[in-house]
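Enquirer: I'd like to ask some things about the structure below.
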There are 2 protein chains.
Amino acid sequence: MSITIKDVAREANVSVATVSRALNGHENVTVEMRSRIEEVAKQLRYMPHGAARSLSTRRTQTIGAILPDLYGEFFSELMRGMDVAAREHGLHLLVSSSHGSADETAAALRALSGRVDGLLIMSPHADATLLADNLPLATPTVLMNTRSEAGEHTAFSIDNHGGACAMVEHLLGVGHQCIAMIAGPADNFDADERLRGYRDVLARSSQVGSEQVLQGDFSEASGYAAGALIARMSPRPDAVFAANDMMALGCLFALNEAGLDVPGDIALAGFDDIPMARFVSPPLTTMRVNIAELGERAARALIAQLSEADSAPQGTSAPELVVRASCATRSPDPPRKAN
Amino acid sequence: MSITIKDVAREANVSVATVSRALNGHENVTVEMRSRIEEVAKQLRYMPHGAARSLSTRRTQTIGAILPDLYGEFFSELMRGMDVAAREHGLHLLVSSSHGSADETAAALRALSGRVDGLLIMSPHADATLLADNLPLATPTVLMNTRSEAGEHTAFSIDNHGGACAMVEHLLGVGHQCIAMIAGPADNFDADERLRGYRDVLARSSQVGSEQVLQGDFSEASGYAAGALIARMSPRPDAVFAANDMMALGCLFALNEAGLDVPGDIALAGFDDIPMARFVSPPLTTMRVNIAELGERAARALIAQLSEADSAPQGTSAPELVVRASCATRSPDPPRKAN
DNA sequence: CCGCACGATGTAACCGGTTACATCGTGCGG
DNA sequence: CCGCACGATGTAACCGGTTACATCGTGCGG
């Protein structure tokens, strides 16, 4: 069907071994031989069959990534970071989405066996058991933002808890007393950690009343709904901390519609620092999460494992507080000149 | 090293052929035999080696995508569409970025040989020659937003020219006389087509003066620079058409900084309808491009080619005019309740 | 009771590369 | 001139699956 190494060998009147050596740049091939073979290969439009080569070398030059989804700002940035690290080492990226289901995660894990040299996994369901059951033995694996504390695999994550603490402390610091939180989806690890941070700071702070948590699901719509509720509360909180920026934006619309001024009547903060955060009016105070960096560091750690079997560093990325007009009366950001 | 089918066969006291048949659900295996083998396979944590299976079946269950980049709103949405189509058919997605270089595109093409069943390619450099030279014969391929008119491969694209025409006609229609354009990068196909649309409409419209093109590169910064220039022009254009939304946003900042009111003093329009477009003030008039749909349609066409060798439909996606406050004095969009 | 048909299972070739080991040929030292 | 060393090339095993074909065994019809 397709052109194989045999065709090239026949056409060049040499053995397949010589063709393989010539095309892979081995030493012991005369220059004339090499150039003759290269000529024939080019003329025949020969290109080596990846699967065959992988089978024989036991290397695929590919790292697999299993993510909840492939699109959206978050995963897009994550892939950007992974791509940077991968291409630096001439590796390909095979991506698979698990859509948040354990079964799909397991299926993806099994389907990738023998197709990748290592795996980057972000999945709420990637617990130790599931990994052990579906991961081919000895596949280098790096986990991202995972619940599983099982130190078996290298893990990288965003310090969501620390970030949430920092934000709540900031809000308390600038004088807000009653801070409501719009939480993310119940089964989401990031959302849980952010909520936990909020609770921890409130618990150890003496000056405040009780916590006030509204359920959201990370969508703008859920933020809008929560904002509408908050606007009607009595007494009304004097600050709102949304577990992500999209909900903060939805909330902002709802507060505006209710005739409330942000930050005059009520302060508002988000989490993530999505690009839109600085474009809305007022610009949104938020925690900047460097997602691409997380992806890049995780990929680098994986690549290191590919060569040296030992290294297994862990790591967290600390988000960074970005203060904008939505919760403190400072001047808004100037437009960024470049990305 | 790893568990292979031979280990399972030995452990279950059968031949590898029987194991293969049992695990692949073939008919002619007794139920006891099948369950015994499944039991052993599970216990041994056997998972078939993908490369070996691919080599033998000549199927990889994977489609490859070669894109200029893997991140950013555009490619992210594109991947979303591809993912939808791929997972519907149980296929994986192997992505590779060409970073806009012909060499990298060629390298990616060759590296994917034997690792994918078909290819989705978006690359400014994917011309007929490059494809012919680097594509293994008979690899089903679908091109996206390509220059190459060579009807050899199926191609899908956004109707950038038509969209730009529609936008310029709209601007003329609401009474603007002198419309400047902020163009995209010189070697970019989409940018060229949008510019061509602008020129074509102006050329066939009698009422206007000459065209006025400022060079940009699709970045917010270049839009900002162009906006600063425009603000100082005399006579000043009464409308600006930016080749994409990011430049339009940059331009908006520059115009605001220069004390100009949009749309009072000068109208502004973009292209793409990125999510931010409706959040800025004033909300941006733009052409909505359904990128995910493009990716999904292209992937579907590829998948169709995988089974039936014949089908080779072409297709364009028409962008849709979205009128917001930035260039006509209408009421702004209400917030979207859901995505 | 014998032989045939058919269903279950095994043997081995094959997919397309890589590479250890064998072989071949040439040049040079004694 | 002979033999040995070494560099270039070839042969064939191997990677881990799938599947065509061969073989085996059982039951049933004549």
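Ordering of the structure tokens sets the chain letters (A, B, ...); residue numbers start at 1 within each chain; ligands are numbered from 1 in the order shown.
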Could the residues of chain B within 12 Å of chain D, counting only C-alpha atoms (C1' of nucleotides), be given as a list in words, please?
Expert: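 Result, ordered by chain then number: Met1, Ser2, Ile3, Thr4, Ile5, Lys6, Asp7, Val16, Ala17, Thr18, Val19, Ser20, Arg21, Leu23, Asn24, His26, Met47, Pro48, His49, Gly50, Ala51, Ala52, Arg53, Ser54, Leu55, Ser56, Thr57, Arg58 and Arg59 of chain B.
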Enquirer: Print the selection's residues with N, CA and C atoms to a file, as a PDB file, in the first residue's frame.
Expert:
ATOM      1  N   MET B   1       9.193  -6.602  30.131  1.00  0.00           N
ATOM      2  CA  MET B   1       8.995  -5.336  30.835  1.00  0.00           C
ATOM      3  C   MET B   1       7.517  -5.210  31.219  1.00  0.00           C
ATOM      4  N   SER B   2       6.775  -4.792  30.274  1.00  0.00           N
ATOM      5  CA  SER B   2       5.356  -4.593  30.468  1.00  0.00           C
ATOM      6  C   SER B   2       4.626  -5.921  30.211  1.00  0.00           C
ATOM      7  N   ILE B   3       3.408  -6.012  30.664  1.00  0.00           N
ATOM      8  CA  ILE B   3       2.612  -7.220  30.443  1.00  0.00           C
ATOM      9  C   ILE B   3       2.147  -7.273  28.988  1.00  0.00           C
ATOM     10  N   THR B   4       2.376  -8.363  28.318  1.00  0.00           N
ATOM     11  CA  THR B   4       1.929  -8.479  26.932  1.00  0.00           C
ATOM     12  C   THR B   4       0.890  -9.582  26.807  1.00  0.00           C
ATOM     13  N   ILE B   5       0.389  -9.698  25.614  1.00  0.00           N
ATOM     14  CA  ILE B   5      -0.637 -10.706  25.358  1.00  0.00           C
ATOM     15  C   ILE B   5      -0.077 -12.109  25.608  1.00  0.00           C
ATOM     16  N   LYS B   6       1.219 -12.262  25.438  1.00  0.00           N
ATOM     17  CA  LYS B   6       1.842 -13.568  25.674  1.00  0.00           C
ATOM     18  C   LYS B   6       1.738 -13.962  27.143  1.00  0.00           C
ATOM     19  N   ASP B   7       1.917 -12.979  28.010  1.00  0.00           N
ATOM     20  CA  ASP B   7       1.821 -13.271  29.434  1.00  0.00           C
ATOM     21  C   ASP B   7       0.422 -13.743  29.788  1.00  0.00           C
ATOM     22  N   VAL B  16      -2.146 -17.074  22.112  1.00  0.00           N
ATOM     23  CA  VAL B  16      -2.351 -15.627  21.999  1.00  0.00           C
ATOM     24  C   VAL B  16      -3.526 -15.320  21.098  1.00  0.00           C
ATOM     25  N   ALA B  17      -3.754 -16.162  20.113  1.00  0.00           N
ATOM     26  CA  ALA B  17      -4.868 -15.919  19.196  1.00  0.00           C
ATOM     27  C   ALA B  17      -6.180 -15.927  19.961  1.00  0.00           C
ATOM     28  N   THR B  18      -6.308 -16.879  20.851  1.00  0.00           N
ATOM     29  CA  THR B  18      -7.545 -16.969  21.628  1.00  0.00           C
ATOM     30  C   THR B  18      -7.692 -15.757  22.546  1.00  0.00           C
ATOM     31  N   VAL B  19      -6.593 -15.346  23.132  1.00  0.00           N
ATOM     32  CA  VAL B  19      -6.664 -14.157  23.984  1.00  0.00           C
ATOM     33  C   VAL B  19      -7.123 -12.968  23.163  1.00  0.00           C
ATOM     34  N   SER B  20      -6.515 -12.808  22.009  1.00  0.00           N
ATOM     35  CA  SER B  20      -6.867 -11.679  21.154  1.00  0.00           C
ATOM     36  C   SER B  20      -8.349 -11.727  20.806  1.00  0.00           C
ATOM     37  N   ARG B  21      -8.800 -12.906  20.410  1.00  0.00           N
ATOM     38  CA  ARG B  21     -10.209 -13.036  20.049  1.00  0.00           C
ATOM     39  C   ARG B  21     -11.124 -12.763  21.234  1.00  0.00           C
ATOM     40  N   LEU B  23     -10.589 -11.007  23.962  1.00  0.00           N
ATOM     41  CA  LEU B  23     -10.576  -9.629  24.430  1.00  0.00           C
ATOM     42  C   LEU B  23     -11.161  -8.657  23.409  1.00  0.00           C
ATOM     43  N   ASN B  24     -11.181  -9.062  22.147  1.00  0.00           N
ATOM     44  CA  ASN B  24     -11.737  -8.173  21.139  1.00  0.00           C
ATOM     45  C   ASN B  24     -13.187  -8.504  20.815  1.00  0.00           C
ATOM     46  N   HIS B  26     -14.658 -11.280  19.713  1.00  0.00           N
ATOM     47  CA  HIS B  26     -15.045 -12.078  18.548  1.00  0.00           C
ATOM     48  C   HIS B  26     -16.059 -13.137  18.964  1.00  0.00           C
ATOM     49  N   MET B  47      -2.868  -4.360  29.366  1.00  0.00           N
ATOM     50  CA  MET B  47      -3.531  -3.487  28.398  1.00  0.00           C
ATOM     51  C   MET B  47      -2.759  -3.509  27.104  1.00  0.00           C
ATOM     52  N   PRO B  48      -3.478  -3.713  26.019  1.00  0.00           N
ATOM     53  CA  PRO B  48      -2.832  -3.914  24.720  1.00  0.00           C
ATOM     54  C   PRO B  48      -1.933  -2.743  24.359  1.00  0.00           C
ATOM     55  N   HIS B  49      -0.866  -3.033  23.709  1.00  0.00           N
ATOM     56  CA  HIS B  49       0.092  -2.028  23.282  1.00  0.00           C
ATOM     57  C   HIS B  49      -0.425  -1.358  22.018  1.00  0.00           C
ATOM     58  N   GLY B  50      -0.718  -0.067  22.147  1.00  0.00           N
ATOM     59  CA  GLY B  50      -1.338   0.652  21.039  1.00  0.00           C
ATOM     60  C   GLY B  50      -0.561   0.597  19.740  1.00  0.00           C
ATOM     61  N   ALA B  51       0.742   0.817  19.821  1.00  0.00           N
ATOM     62  CA  ALA B  51       1.540   0.852  18.593  1.00  0.00           C
ATOM     63  C   ALA B  51       1.508  -0.500  17.894  1.00  0.00           C
ATOM     64  N   ALA B  52       1.580  -1.565  18.688  1.00  0.00           N
ATOM     65  CA  ALA B  52       1.568  -2.900  18.088  1.00  0.00           C
ATOM     66  C   ALA B  52       0.231  -3.147  17.394  1.00  0.00           C
ATOM     67  N   ARG B  53      -0.812  -2.779  18.055  1.00  0.00           N
ATOM     68  CA  ARG B  53      -2.122  -2.984  17.469  1.00  0.00           C
ATOM     69  C   ARG B  53      -2.278  -2.170  16.178  1.00  0.00           C
ATOM     70  N   SER B  54      -1.807  -0.925  16.246  1.00  0.00           N
ATOM     71  CA  SER B  54      -1.902  -0.072  15.065  1.00  0.00           C
ATOM     72  C   SER B  54      -1.148  -0.675  13.894  1.00  0.00           C
ATOM     73  N   LEU B  55       0.029  -1.192  14.197  1.00  0.00           N
ATOM     74  CA  LEU B  55       0.861  -1.733  13.131  1.00  0.00           C
ATOM     75  C   LEU B  55       0.155  -2.884  12.456  1.00  0.00           C
ATOM     76  N   SER B  56      -0.485  -3.678  13.247  1.00  0.00           N
ATOM     77  CA  SER B  56      -1.080  -4.877  12.703  1.00  0.00           C
ATOM     78  C   SER B  56      -2.448  -4.601  12.067  1.00  0.00           C
ATOM     79  N   THR B  57      -3.221  -3.710  12.648  1.00  0.00           N
ATOM     80  CA  THR B  57      -4.539  -3.432  12.069  1.00  0.00           C
ATOM     81  C   THR B  57      -4.526  -2.325  11.032  1.00  0.00           C
ATOM     82  N   ARG B  58      -3.443  -1.580  10.990  1.00  0.00           N
ATOM     83  CA  ARG B  58      -3.345  -0.444  10.092  1.00  0.00           C
ATOM     84  C   ARG B  58      -4.402   0.613  10.415  1.00  0.00           C
ATOM     85  N   ARG B  59      -4.759   0.656  11.675  1.00  0.00           N
ATOM     86  CA  ARG B  59      -5.672   1.697  12.127  1.00  0.00           C
ATOM     87  C   ARG B  59      -5.143   2.241  13.443  1.00  0.00           C
TER      88      ARG B  59
END
Enquirer: Can you list every residue of chain B that has an atom at most 6 Å from chain A, with its nearest atom pair and the distance in Å to one decimal, using only C-alpha atoms, ordered by chain then number, as CSV?
Expert:
residue,atom,partner,partner_atom,distance
B:His49,CA,A:Gly114,CA,4.4
B:Gly50,CA,A:Gly114,CA,4.5
B:Ala51,CA,A:Ala51,CA,4.7
B:Ala52,CA,A:Leu55,CA,5.8
B:Leu55,CA,A:Ala51,CA,5.7
B:Tyr71,CA,A:Ser76,CA,4.8
B:Ser76,CA,A:Tyr71,CA,4.8
B:Arg80,CA,A:Tyr71,CA,5.4
B:Leu93,CA,A:Val95,CA,5.9
B:Leu94,CA,A:Leu94,CA,4.4
B:Val95,CA,A:Leu93,CA,5.9
B:Ser113,CA,A:His49,CA,5.7
B:Gly114,CA,A:His49,CA,4.4
B:Arg115,CA,A:Gly50,CA,5.3
B:Ala221,CA,A:Lys337,CA,4.8
B:Met276,CA,A:Met276,CA,5.8
B:Phe279,CA,A:Val280,CA,6.0
B:Val280,CA,A:Phe279,CA,6.0
B:Lys337,CA,A:Ala221,CA,4.9
B:Ala338,CA,A:Ala221,CA,5.2
Enquirer: For the residues in that selection, give me C-alpha atoms as a PDB file, in the first residue's frame.
Expert:
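Below is the file that was written, out19.pdb:
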ATOM      1  CA  HIS B  49       0.092  -2.028  23.282  1.00  0.00           C
ATOM      2  CA  GLY B  50      -1.338   0.652  21.039  1.00  0.00           C
ATOM      3  CA  ALA B  51       1.540   0.852  18.593  1.00  0.00           C
ATOM      4  CA  ALA B  52       1.568  -2.900  18.088  1.00  0.00           C
ATOM      5  CA  LEU B  55       0.861  -1.733  13.131  1.00  0.00           C
ATOM      6  CA  TYR B  71      -3.651  27.848  22.494  1.00  0.00           C
ATOM      7  CA  SER B  76      -9.140  26.343  21.506  1.00  0.00           C
ATOM      8  CA  ARG B  80     -13.493  21.934  20.784  1.00  0.00           C
ATOM      9  CA  LEU B  93      -6.800  13.692  18.765  1.00  0.00           C
ATOM     10  CA  LEU B  94      -3.086  14.100  18.210  1.00  0.00           C
ATOM     11  CA  VAL B  95      -2.208  17.744  17.946  1.00  0.00           C
ATOM     12  CA  SER B 113       2.961   9.314   9.449  1.00  0.00           C
ATOM     13  CA  GLY B 114       1.744   5.981  10.718  1.00  0.00           C
ATOM     14  CA  ARG B 115       0.434   7.537  13.893  1.00  0.00           C
ATOM     15  CA  ALA B 221      -0.797  46.364  21.007  1.00  0.00           C
ATOM     16  CA  MET B 276     -14.671  40.120  25.518  1.00  0.00           C
ATOM     17  CA  PHE B 279     -18.006  43.233  27.812  1.00  0.00           C
ATOM     18  CA  VAL B 280     -16.172  46.346  26.804  1.00  0.00           C
ATOM     19  CA  LYS B 337     -27.404  34.147  30.735  1.00  0.00           C
ATOM     20  CA  ALA B 338     -25.510  31.072  29.676  1.00  0.00           C
TER      21      ALA B 338
END
Enquirer: Please report, as a ChimeraX atom specification, each residue of region 158-229 of chain B to which DSSP assigns helix (DSSP H, G or I) when run on this structure's backbone.
Expert: /B:160-173,189-204,220-229
Enquirer: Go ahead and save the residues from that selection, with N, CA and C atoms, as a short mmCIF file (atom, residue, chain, number, x, y, z; two decimals), in the first residue's frame.
Expert:
data_model
loop_
_atom_site.label_atom_id
_atom_site.label_comp_id
_atom_site.auth_asym_id
_atom_site.auth_seq_id
_atom_site.Cartn_x
_atom_site.Cartn_y
_atom_site.Cartn_z
N ASN B 160 -14.03 34.71 5.19
CA ASN B 160 -13.49 35.97 5.69
C ASN B 160 -13.78 37.12 4.73
N HIS B 161 -13.67 36.83 3.46
CA HIS B 161 -13.91 37.87 2.47
C HIS B 161 -15.36 38.33 2.55
N GLY B 162 -16.26 37.38 2.54
CA GLY B 162 -17.68 37.72 2.61
C GLY B 162 -18.02 38.47 3.89
N GLY B 163 -17.41 38.02 5.00
CA GLY B 163 -17.67 38.68 6.27
C GLY B 163 -17.20 40.12 6.27
N ALA B 164 -16.01 40.35 5.72
CA ALA B 164 -15.48 41.71 5.68
C ALA B 164 -16.35 42.59 4.78
N CYS B 165 -16.79 42.03 3.66
CA CYS B 165 -17.69 42.78 2.78
C CYS B 165 -18.95 43.20 3.54
N ALA B 166 -19.52 42.23 4.25
CA ALA B 166 -20.75 42.51 4.97
C ALA B 166 -20.54 43.62 6.00
N MET B 167 -19.40 43.57 6.68
CA MET B 167 -19.14 44.59 7.70
C MET B 167 -18.97 45.97 7.07
N VAL B 168 -18.21 46.06 6.01
CA VAL B 168 -17.98 47.36 5.39
C VAL B 168 -19.29 47.90 4.81
N GLU B 169 -20.07 47.01 4.24
CA GLU B 169 -21.36 47.44 3.72
C GLU B 169 -22.26 47.95 4.84
N HIS B 170 -22.18 47.28 5.98
CA HIS B 170 -22.97 47.74 7.12
C HIS B 170 -22.54 49.15 7.54
N LEU B 171 -21.23 49.36 7.61
CA LEU B 171 -20.72 50.67 8.02
C LEU B 171 -21.15 51.75 7.04
N LEU B 172 -21.05 51.43 5.75
CA LEU B 172 -21.51 52.39 4.74
C LEU B 172 -23.01 52.61 4.91
N GLY B 173 -23.71 51.52 5.15
CA GLY B 173 -25.17 51.59 5.26
C GLY B 173 -25.65 52.49 6.37
N PHE B 189 -3.45 34.44 5.95
CA PHE B 189 -4.50 34.24 4.96
C PHE B 189 -5.81 34.90 5.37
N ASP B 190 -6.21 34.68 6.60
CA ASP B 190 -7.44 35.29 7.08
C ASP B 190 -7.36 36.81 6.95
N ALA B 191 -6.22 37.35 7.38
CA ALA B 191 -6.03 38.80 7.33
C ALA B 191 -6.13 39.32 5.90
N ASP B 192 -5.52 38.61 4.99
CA ASP B 192 -5.57 39.02 3.58
C ASP B 192 -6.99 39.06 3.07
N GLU B 193 -7.73 38.01 3.38
CA GLU B 193 -9.08 37.91 2.88
C GLU B 193 -9.97 39.02 3.43
N ARG B 194 -9.75 39.36 4.69
CA ARG B 194 -10.56 40.42 5.29
C ARG B 194 -10.22 41.76 4.66
N LEU B 195 -8.96 41.95 4.41
CA LEU B 195 -8.52 43.18 3.76
C LEU B 195 -9.08 43.26 2.34
N ARG B 196 -9.05 42.13 1.66
CA ARG B 196 -9.56 42.08 0.30
C ARG B 196 -11.04 42.45 0.27
N GLY B 197 -11.79 41.96 1.25
CA GLY B 197 -13.21 42.28 1.31
C GLY B 197 -13.43 43.78 1.46
N TYR B 198 -12.65 44.36 2.37
CA TYR B 198 -12.72 45.81 2.59
C TYR B 198 -12.46 46.56 1.29
N ARG B 199 -11.39 46.17 0.62
CA ARG B 199 -11.02 46.86 -0.63
C ARG B 199 -12.08 46.68 -1.70
N ASP B 200 -12.59 45.48 -1.82
CA ASP B 200 -13.58 45.22 -2.86
C ASP B 200 -14.82 46.08 -2.68
N VAL B 201 -15.29 46.17 -1.45
CA VAL B 201 -16.51 46.94 -1.23
C VAL B 201 -16.25 48.42 -1.50
N LEU B 202 -15.10 48.92 -0.99
CA LEU B 202 -14.80 50.33 -1.25
C LEU B 202 -14.67 50.60 -2.74
N ALA B 203 -14.03 49.66 -3.44
CA ALA B 203 -13.81 49.85 -4.87
C ALA B 203 -15.12 49.96 -5.63
N ARG B 204 -16.10 49.16 -5.24
CA ARG B 204 -17.35 49.19 -6.00
C ARG B 204 -18.35 50.18 -5.43
N GLU B 220 -3.37 43.15 20.37
CA GLU B 220 -3.99 44.31 20.98
C GLU B 220 -3.06 45.52 20.86
N ALA B 221 -1.77 45.27 21.06
CA ALA B 221 -0.80 46.36 21.01
C ALA B 221 -0.81 47.06 19.66
N SER B 222 -0.89 46.27 18.58
CA SER B 222 -0.86 46.90 17.25
C SER B 222 -2.14 47.69 17.01
N GLY B 223 -3.24 47.22 17.61
CA GLY B 223 -4.49 47.97 17.48
C GLY B 223 -4.40 49.29 18.23
N TYR B 224 -3.75 49.22 19.38
CA TYR B 224 -3.57 50.43 20.18
C TYR B 224 -2.74 51.46 19.41
N ALA B 225 -1.66 50.99 18.81
CA ALA B 225 -0.79 51.88 18.03
C ALA B 225 -1.57 52.50 16.87
N ALA B 226 -2.33 51.67 16.18
CA ALA B 226 -3.10 52.18 15.05
C ALA B 226 -4.13 53.20 15.52
N GLY B 227 -4.76 52.88 16.65
CA GLY B 227 -5.76 53.80 17.19
C GLY B 227 -5.16 55.16 17.51
N ALA B 228 -3.95 55.14 18.07
CA ALA B 228 -3.28 56.39 18.40
C ALA B 228 -3.02 57.22 17.14
N LEU B 229 -2.62 56.53 16.07
CA LEU B 229 -2.40 57.22 14.80
C LEU B 229 -3.70 57.82 14.27
#
Enquirer: One decimal, Å: what's the distance from CA of Ser234 (chain A) over to CA of Glu257 (chain A), could you say?
Expert: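 Interatomic distance here is 17.4 Å.
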Enquirer: Could you tell me how far CA of Ser157 (chain A) sits from CA of Ile66 (chain A), in Å to one decimal place?
Expert: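 Result for CA of Ile66 (chain A) versus CA of Ser157 (chain A): 15.1 Å, one decimal.
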Enquirer: As a list in words, which residues of region 89-168 of chain B does DSSP assign to strand (DSSP E or B)?
Expert: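 Going through region 89-168 of chain B, the strand (DSSP E or B) residues come out as His92, Leu93, Leu94, Val95, Ser96, Ser97, Gly118, Leu119, Leu120, Ile121, Thr141, Val142, Leu143, Met144, Thr154, Ala155, Phe156, Ser157 and Ile158 of chain B.
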Enquirer: Which one of B:Gln305, B:Asn244, B:Thr105, B:Asn13 sits closest to Val142 (chain B) if you count only C-alpha atoms?
Expert: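 For Val142 (chain B), the nearest of the candidates is B:Gln305.
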